[in-house]
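Q: Sending over query.txt (compact mmCIF, N, CA and C atoms).
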# COMPACT_ATOMS: atom_id res chain seq x y z
N MET A 2 164.52 106.98 244.89
CA MET A 2 163.17 106.55 244.58
C MET A 2 162.18 107.53 245.20
N SER A 3 161.12 107.82 244.49
CA SER A 3 160.13 108.79 244.92
C SER A 3 159.25 108.22 246.04
N ASP A 4 158.85 109.09 246.94
CA ASP A 4 157.94 108.66 248.00
C ASP A 4 156.49 108.86 247.60
N LYS A 5 156.27 109.15 246.34
CA LYS A 5 154.91 109.36 245.84
C LYS A 5 154.43 108.13 245.10
N ILE A 6 153.18 107.77 245.33
CA ILE A 6 152.58 106.60 244.72
C ILE A 6 151.36 107.04 243.93
N MET A 7 151.19 106.49 242.74
CA MET A 7 150.05 106.79 241.89
C MET A 7 148.79 106.24 242.52
N LEU A 8 147.72 107.03 242.52
CA LEU A 8 146.43 106.62 243.07
C LEU A 8 145.38 106.87 242.00
N ASN A 9 144.67 105.83 241.61
CA ASN A 9 143.61 105.95 240.60
C ASN A 9 142.28 105.57 241.24
N PHE A 10 141.23 106.30 240.90
CA PHE A 10 139.90 105.95 241.39
C PHE A 10 138.86 106.54 240.45
N ARG A 11 137.68 105.98 240.49
CA ARG A 11 136.57 106.49 239.67
C ARG A 11 135.94 107.67 240.40
N CYS A 12 135.53 108.65 239.63
CA CYS A 12 135.02 109.88 240.22
C CYS A 12 133.78 110.33 239.44
N PRO A 13 132.68 110.63 240.13
CA PRO A 13 131.50 111.14 239.42
C PRO A 13 131.82 112.47 238.72
N THR A 14 131.17 112.70 237.61
CA THR A 14 131.41 113.90 236.82
C THR A 14 131.20 115.17 237.65
N SER A 15 130.17 115.19 238.47
CA SER A 15 129.89 116.40 239.26
C SER A 15 131.03 116.70 240.24
N VAL A 16 131.63 115.66 240.82
CA VAL A 16 132.76 115.86 241.73
C VAL A 16 133.98 116.34 240.96
N LEU A 17 134.21 115.74 239.79
CA LEU A 17 135.35 116.15 238.97
C LEU A 17 135.21 117.61 238.53
N GLU A 18 134.00 118.02 238.19
CA GLU A 18 133.77 119.42 237.82
C GLU A 18 134.05 120.35 238.99
N ALA A 19 133.65 119.94 240.20
CA ALA A 19 133.92 120.75 241.39
C ALA A 19 135.43 120.83 241.65
N ILE A 20 136.13 119.73 241.44
CA ILE A 20 137.59 119.72 241.60
C ILE A 20 138.22 120.69 240.61
N ASP A 21 137.80 120.61 239.35
CA ASP A 21 138.36 121.49 238.33
C ASP A 21 138.03 122.96 238.60
N ASP A 22 136.83 123.24 239.07
CA ASP A 22 136.47 124.63 239.40
C ASP A 22 137.37 125.18 240.49
N LEU A 23 137.60 124.37 241.52
CA LEU A 23 138.51 124.80 242.59
C LEU A 23 139.93 124.93 242.07
N GLY A 24 140.34 123.97 241.24
CA GLY A 24 141.69 123.99 240.68
C GLY A 24 141.96 125.19 239.81
N LYS A 25 140.96 125.62 239.06
CA LYS A 25 141.13 126.79 238.19
C LYS A 25 141.40 128.04 239.02
N LYS A 26 140.85 128.10 240.22
CA LYS A 26 141.07 129.25 241.09
C LYS A 26 142.42 129.16 241.81
N ARG A 27 142.77 127.95 242.25
CA ARG A 27 143.97 127.78 243.07
C ARG A 27 145.22 127.47 242.26
N TYR A 28 145.08 126.65 241.23
CA TYR A 28 146.23 126.21 240.44
C TYR A 28 145.92 126.23 238.94
N PRO A 29 145.67 127.42 238.36
CA PRO A 29 145.39 127.46 236.92
C PRO A 29 146.59 126.94 236.13
N ALA A 30 146.29 126.24 235.07
CA ALA A 30 147.36 125.68 234.24
C ALA A 30 146.86 125.54 232.81
N ASN A 31 147.79 125.44 231.91
CA ASN A 31 147.45 125.30 230.49
C ASN A 31 147.22 123.82 230.19
N THR A 32 146.12 123.28 230.69
CA THR A 32 145.73 121.90 230.45
C THR A 32 144.33 121.90 229.86
N LYS A 33 143.89 120.74 229.39
CA LYS A 33 142.56 120.70 228.78
C LYS A 33 141.45 120.99 229.78
N HIS A 34 141.71 120.79 231.07
CA HIS A 34 140.71 121.10 232.09
C HIS A 34 141.03 122.38 232.83
N GLY A 35 142.13 123.05 232.50
CA GLY A 35 142.41 124.39 233.00
C GLY A 35 143.07 124.51 234.36
N CYS A 36 143.53 123.36 234.91
CA CYS A 36 144.16 123.45 236.23
C CYS A 36 145.14 122.30 236.43
N ASP A 37 145.91 122.40 237.52
CA ASP A 37 146.79 121.31 237.93
C ASP A 37 145.98 120.44 238.90
N ARG A 38 145.45 119.36 238.38
CA ARG A 38 144.58 118.50 239.20
C ARG A 38 145.33 117.85 240.36
N SER A 39 146.59 117.48 240.14
CA SER A 39 147.34 116.83 241.22
C SER A 39 147.46 117.74 242.43
N LYS A 40 147.85 118.97 242.22
CA LYS A 40 147.97 119.91 243.33
C LYS A 40 146.62 120.16 243.99
N THR A 41 145.59 120.30 243.17
CA THR A 41 144.25 120.53 243.69
C THR A 41 143.79 119.36 244.55
N LEU A 42 143.97 118.15 244.03
CA LEU A 42 143.54 116.97 244.77
C LEU A 42 144.35 116.78 246.05
N MET A 43 145.62 117.11 246.03
CA MET A 43 146.43 117.01 247.26
C MET A 43 145.89 117.96 248.32
N ASP A 44 145.51 119.17 247.93
CA ASP A 44 144.92 120.11 248.89
C ASP A 44 143.63 119.55 249.47
N ILE A 45 142.79 119.00 248.58
CA ILE A 45 141.50 118.45 249.02
C ILE A 45 141.70 117.26 249.95
N VAL A 46 142.59 116.36 249.59
CA VAL A 46 142.84 115.17 250.43
C VAL A 46 143.42 115.60 251.77
N ARG A 47 144.39 116.50 251.75
CA ARG A 47 145.01 116.98 252.99
C ARG A 47 143.95 117.61 253.91
N ALA A 48 143.13 118.49 253.34
CA ALA A 48 142.09 119.15 254.15
C ALA A 48 141.07 118.13 254.64
N GLY A 49 140.73 117.15 253.80
CA GLY A 49 139.76 116.13 254.20
C GLY A 49 140.28 115.26 255.33
N ILE A 50 141.55 114.86 255.26
CA ILE A 50 142.14 114.04 256.33
C ILE A 50 142.14 114.82 257.64
N GLU A 51 142.53 116.07 257.58
CA GLU A 51 142.56 116.89 258.79
C GLU A 51 141.15 117.08 259.36
N ALA A 52 140.18 117.32 258.47
CA ALA A 52 138.81 117.53 258.94
C ALA A 52 138.21 116.26 259.52
N LEU A 53 138.42 115.13 258.84
CA LEU A 53 137.83 113.87 259.30
C LEU A 53 138.51 113.31 260.54
N SER A 54 139.73 113.75 260.82
CA SER A 54 140.42 113.29 262.03
C SER A 54 140.22 114.27 263.18
N ASP A 55 139.29 115.20 263.00
CA ASP A 55 139.01 116.24 264.01
C ASP A 55 140.26 117.03 264.38
N GLY A 56 141.15 117.18 263.42
CA GLY A 56 142.35 117.98 263.64
C GLY A 56 143.48 117.24 264.32
N SER A 57 143.28 115.95 264.65
CA SER A 57 144.36 115.20 265.32
C SER A 57 145.49 114.85 264.36
N VAL A 58 145.18 114.82 263.08
CA VAL A 58 146.21 114.59 262.07
C VAL A 58 146.39 115.89 261.31
N VAL A 59 147.61 116.42 261.34
CA VAL A 59 147.92 117.64 260.60
C VAL A 59 149.05 117.31 259.65
N LEU A 60 148.78 117.40 258.39
CA LEU A 60 149.78 117.08 257.38
C LEU A 60 150.53 118.35 256.98
N PRO A 61 151.83 118.22 256.72
CA PRO A 61 152.58 119.41 256.31
C PRO A 61 152.12 119.88 254.93
N ALA A 62 152.08 121.16 254.78
CA ALA A 62 151.71 121.75 253.49
C ALA A 62 152.86 121.56 252.52
N PRO A 63 152.56 121.36 251.26
CA PRO A 63 153.65 121.21 250.29
C PRO A 63 154.38 122.53 250.12
N PRO A 64 155.64 122.46 249.75
CA PRO A 64 156.35 123.72 249.51
C PRO A 64 155.70 124.47 248.35
N GLN A 65 155.59 125.77 248.49
CA GLN A 65 154.98 126.57 247.44
C GLN A 65 155.99 126.75 246.30
N VAL A 66 155.56 126.36 245.15
CA VAL A 66 156.39 126.52 243.96
C VAL A 66 155.76 127.61 243.12
N ARG A 67 156.54 128.59 242.80
CA ARG A 67 156.02 129.69 241.99
C ARG A 67 155.71 129.17 240.60
N GLN A 68 154.49 129.38 240.18
CA GLN A 68 154.06 128.90 238.88
C GLN A 68 154.42 129.92 237.82
N ILE A 69 155.10 129.45 236.81
CA ILE A 69 155.47 130.31 235.70
C ILE A 69 154.53 130.02 234.54
N LEU A 70 153.80 131.03 234.15
CA LEU A 70 152.86 130.86 233.04
C LEU A 70 153.57 131.09 231.72
N SER A 71 153.27 130.24 230.78
CA SER A 71 153.83 130.45 229.45
C SER A 71 153.04 131.54 228.75
N TYR A 72 153.63 132.10 227.72
CA TYR A 72 152.91 133.12 226.95
C TYR A 72 151.62 132.55 226.39
N LYS A 73 151.65 131.28 225.98
CA LYS A 73 150.47 130.66 225.40
C LYS A 73 149.35 130.56 226.44
N SER A 74 149.66 130.10 227.66
CA SER A 74 148.61 129.97 228.67
C SER A 74 148.13 131.34 229.14
N LEU A 75 149.04 132.29 229.22
CA LEU A 75 148.65 133.65 229.62
C LEU A 75 147.75 134.26 228.56
N ASP A 76 148.10 134.06 227.30
CA ASP A 76 147.28 134.56 226.19
C ASP A 76 145.89 133.93 226.23
N ALA A 77 145.82 132.64 226.51
CA ALA A 77 144.53 131.96 226.58
C ALA A 77 143.69 132.51 227.73
N ARG A 78 144.31 132.75 228.88
CA ARG A 78 143.56 133.29 230.03
C ARG A 78 143.07 134.70 229.74
N ILE A 79 143.90 135.51 229.09
CA ILE A 79 143.50 136.88 228.74
C ILE A 79 142.33 136.83 227.76
N THR A 80 142.41 135.94 226.78
CA THR A 80 141.34 135.80 225.79
C THR A 80 140.03 135.42 226.47
N VAL A 81 140.07 134.49 227.40
CA VAL A 81 138.86 134.08 228.12
C VAL A 81 138.28 135.26 228.90
N LEU A 82 139.14 135.98 229.61
CA LEU A 82 138.66 137.13 230.39
C LEU A 82 138.06 138.21 229.50
N LEU A 83 138.74 138.53 228.41
CA LEU A 83 138.22 139.55 227.49
C LEU A 83 136.90 139.12 226.87
N THR A 84 136.82 137.86 226.50
CA THR A 84 135.57 137.36 225.91
C THR A 84 134.44 137.46 226.92
N ARG A 85 134.70 137.04 228.15
CA ARG A 85 133.68 137.08 229.20
C ARG A 85 133.20 138.51 229.45
N LYS A 86 134.12 139.47 229.40
CA LYS A 86 133.76 140.87 229.68
C LYS A 86 133.07 141.54 228.49
N THR A 87 133.45 141.16 227.26
CA THR A 87 132.91 141.85 226.09
C THR A 87 131.65 141.22 225.52
N GLU A 88 131.37 139.96 225.83
CA GLU A 88 130.17 139.31 225.28
C GLU A 88 128.88 140.07 225.59
N PRO A 89 128.65 140.51 226.83
CA PRO A 89 127.41 141.24 227.10
C PRO A 89 127.33 142.56 226.32
N ILE A 90 128.45 143.24 226.18
CA ILE A 90 128.48 144.51 225.45
C ILE A 90 128.19 144.27 223.97
N LEU A 91 128.80 143.22 223.41
CA LEU A 91 128.56 142.91 221.99
C LEU A 91 127.11 142.49 221.76
N ALA A 92 126.52 141.77 222.71
CA ALA A 92 125.12 141.38 222.56
C ALA A 92 124.21 142.61 222.59
N GLU A 93 124.52 143.54 223.49
CA GLU A 93 123.74 144.78 223.57
C GLU A 93 123.89 145.58 222.28
N LEU A 94 125.09 145.65 221.75
CA LEU A 94 125.35 146.36 220.50
C LEU A 94 124.57 145.72 219.35
N ALA A 95 124.52 144.40 219.31
CA ALA A 95 123.76 143.70 218.26
C ALA A 95 122.28 144.03 218.37
N ASP A 96 121.76 144.11 219.59
CA ASP A 96 120.35 144.48 219.79
C ASP A 96 120.09 145.90 219.29
N ILE A 97 121.01 146.81 219.59
CA ILE A 97 120.85 148.20 219.14
C ILE A 97 120.87 148.27 217.62
N LYS A 98 121.81 147.56 217.00
CA LYS A 98 121.89 147.54 215.53
C LYS A 98 120.60 147.00 214.92
N ALA A 99 120.06 145.94 215.51
CA ALA A 99 118.83 145.34 214.99
C ALA A 99 117.67 146.32 215.11
N SER A 100 117.57 147.01 216.25
CA SER A 100 116.45 147.95 216.40
C SER A 100 116.62 149.14 215.46
N GLN A 101 117.86 149.57 215.23
CA GLN A 101 118.08 150.67 214.28
C GLN A 101 117.74 150.24 212.86
N ALA A 102 118.08 149.01 212.51
CA ALA A 102 117.76 148.51 211.17
C ALA A 102 116.24 148.46 210.99
N ASP A 103 115.52 148.04 212.02
CA ASP A 103 114.06 148.02 211.95
C ASP A 103 113.51 149.43 211.78
N ALA A 104 114.04 150.38 212.53
CA ALA A 104 113.58 151.78 212.44
C ALA A 104 113.84 152.34 211.04
N ILE A 105 114.99 152.03 210.48
CA ILE A 105 115.33 152.50 209.12
C ILE A 105 114.36 151.91 208.11
N GLU A 106 114.06 150.62 208.23
CA GLU A 106 113.12 149.99 207.29
C GLU A 106 111.73 150.60 207.41
N ARG A 107 111.28 150.89 208.65
CA ARG A 107 109.97 151.52 208.83
C ARG A 107 109.96 152.92 208.20
N ALA A 108 111.04 153.68 208.39
CA ALA A 108 111.13 155.03 207.82
C ALA A 108 111.11 154.97 206.30
N LYS A 109 111.81 154.01 205.71
CA LYS A 109 111.82 153.84 204.25
C LYS A 109 110.41 153.54 203.74
N ALA A 110 109.71 152.64 204.46
CA ALA A 110 108.35 152.27 204.04
C ALA A 110 107.43 153.48 204.11
N GLU A 111 107.55 154.28 205.18
CA GLU A 111 106.72 155.48 205.31
C GLU A 111 107.03 156.48 204.20
N LEU A 112 108.31 156.63 203.89
CA LEU A 112 108.73 157.56 202.83
C LEU A 112 108.19 157.10 201.48
N ARG A 113 108.25 155.80 201.20
CA ARG A 113 107.71 155.28 199.94
C ARG A 113 106.21 155.56 199.85
N THR A 114 105.51 155.33 200.96
CA THR A 114 104.07 155.57 200.99
C THR A 114 103.76 157.04 200.71
N GLU A 115 104.52 157.94 201.34
CA GLU A 115 104.31 159.37 201.12
C GLU A 115 104.62 159.74 199.67
N LEU A 116 105.71 159.23 199.14
CA LEU A 116 106.07 159.55 197.75
C LEU A 116 105.02 159.01 196.76
N LEU A 117 104.54 157.80 197.00
CA LEU A 117 103.52 157.24 196.10
C LEU A 117 102.24 158.05 196.19
N GLY A 118 101.90 158.53 197.41
CA GLY A 118 100.72 159.36 197.60
C GLY A 118 100.87 160.68 196.84
N GLU A 119 102.04 161.30 196.88
CA GLU A 119 102.26 162.57 196.18
C GLU A 119 102.27 162.38 194.68
N LEU A 120 102.84 161.26 194.23
CA LEU A 120 102.86 160.98 192.78
C LEU A 120 101.45 160.72 192.25
N ALA A 121 100.62 160.10 193.03
CA ALA A 121 99.26 159.80 192.60
C ALA A 121 98.40 161.06 192.57
N ALA A 122 98.76 162.04 193.37
CA ALA A 122 97.94 163.27 193.45
C ALA A 122 98.18 164.21 192.32
Spell out the structure here as structure tokens.

A:
Amino acid sequence: MSDKIMLNFRCPTSVLEAIDDLGKKRYPANTKHGCDRSKTLMDIVRAGIEALSDGSVVLPAPPQVRQILSYKSLDARITVLLTRKTEPILAELADIKASQADAIERAKAELRTELLGELAA
């Protein structure tokens, strides 16, 4: 029989977001929230108990289990990183294209004006 017991509690959204942010850094996983919440919460609870007991209670750290990422989760993480890095470059490129398109349209309008002026003369 397992020595682990399920614990359920209500949690404000802001706290849950902070848990997930920490979890993504410490225990990334291919889940809808991007981390292993159980491992993250165990770290938080362990650290909280030690801090609130002024260090008189020291809980053993869980054994480190090497996390094996699946190709799917690795691909998703790579996609997120590439998107984050390329978005600013793509936005800058779009701005350059827009300004070039404007310059081309102005040049066309000037050329039409000059041609109409020469044809009228």

Q: With only C-alpha atoms as the counted atoms, please give the residues lying no more than 7 Å from segment 10-21 of chain A, apart from itself and same-chain residues fewer than 5 positions off, as a ChimeraX atom specification.

A: /A:34,36,38

Q: Could you tell me how far atom C of Leu91 of chain A lies from atom CA of Arg78 of chain A, in Å and to one decimal?

A: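 Spanning atom C of Leu91 of chain A to atom CA of Arg78 of chain A is a straight-line distance of 20.6 Å.
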
Q: Please, what distance in Å, to one decimal, runs between atom CA of Val81 of chain A and atom CA of Pro29 of chain A?

A: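 The value is 12.8 Å.
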
Q: Grab the atom C of Ile79 of chain A to atom CA of Asn31 of chain A distance for me, in Å with one decimal place.

A: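 Atom CA of Asn31 of chain A lies at a distance of 12.9 Å from atom C of Ile79 of chain A.
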